[in-house]
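Accompanying notes for the structure given below.
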Amino acid sequence: MNQSFNNNTMRRIDSNNEHLKDKAKFIVNEGKFVSRVEFQHLEISLYKLYGELIEIWFETSSESVMKVRYMKGNKFNPFLKHLKASTLN
């Protein structure tokens, strides 16, 4: 395998992870916490920011943000079924 390809690929992965981490930090600092659920090594937190609902997926075993998902146009995660409409206001 080409060593430079591996290094470039790893830099892009690290850059993507840093970008997700920065997004998550901003949402946590500026948004309003709504709910959190844990399942095995996964923690999904729901925040409200500027009227939009956003999920932050965090893998606890590797302590890394897996994804930041804006809920507009998406279905709610089934693990967050316990939410009530009053919680989202």
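By convention in this document, the chains of the structure tokens carry letters A, B, ... by their order, each chain's residues are numbered from 1, and ligands are numbered from 1 in the order they are shown.
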
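Residues in contact with segment 43-51 of chain A at up to 6 Å, not including ones fewer than 6 positions away on its chain and judged by only C-alpha atoms, are A:Gly31, A:Lys32, A:Phe33, A:Val34, A:Ser35, A:Arg36, A:Val37, A:Trp57, A:Phe58.
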
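In this structure, atom CA of Leu42 of chain A sits 15.7 Å away from atom CA of Leu20 of chain A.
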
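Of the listed residues A:His41, A:Lys72, A:Ile56, A:Glu63, the one whose atoms come nearest to Ala24 of chain A is A:Ile56, with distances taken using only C-alpha atoms.
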
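Proximity of A:Glu38, A:Val28, A:Glu52, A:Lys23 to Val68 of chain A, computed with only C-alpha atoms, is greatest for A:Lys23.
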
Enter the distance from atom CA of Met71 of chain A to atom CA of Phe26 of chain A, in Å, rounded to one decimal. 16.6 Å

Quick one: pick out all strand (DSSP E or B) residues within segment 13-58 of chain A from a backbone DSSP run and write them as a PyMOL selection string. chain A and resi 32-39+42-49+52-58

Please identify the alpha helix (DSSP H) residues within segment 11-76 of chain A (assignment by DSSP from backbone atoms) and present them as a tab-separated table (two decimals) with C-alpha atoms, in the first residue's frame.
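Saved to selection.tsv:
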```
chain	number	residue	atom	x	y	z
A	11	ARG	CA	-5.37	13.34	7.92
A	12	ARG	CA	-8.77	13.63	6.21
A	13	ILE	CA	-10.34	11.33	8.81
A	14	ASP	CA	-8.77	13.32	11.65
A	15	SER	CA	-9.93	16.55	10.03
A	16	ASN	CA	-13.49	15.23	9.71
A	17	ASN	CA	-13.44	14.11	13.36
A	18	GLU	CA	-12.21	17.54	14.48
A	19	HIS	CA	-14.92	19.21	12.39
A	20	LEU	CA	-17.60	17.02	14.04
A	21	LYS	CA	-16.13	17.69	17.47
A	22	ASP	CA	-16.21	21.45	16.84
A	23	LYS	CA	-19.83	21.27	15.62
A	24	ALA	CA	-20.84	19.25	18.68
A	25	LYS	CA	-19.09	21.67	21.06
A	26	PHE	CA	-20.88	24.63	19.51
A	27	ILE	CA	-24.27	22.90	19.77
A	28	VAL	CA	-23.66	21.86	23.39
A	29	ASN	CA	-22.50	25.39	24.36
A	30	GLU	CA	-25.12	27.39	22.45
```
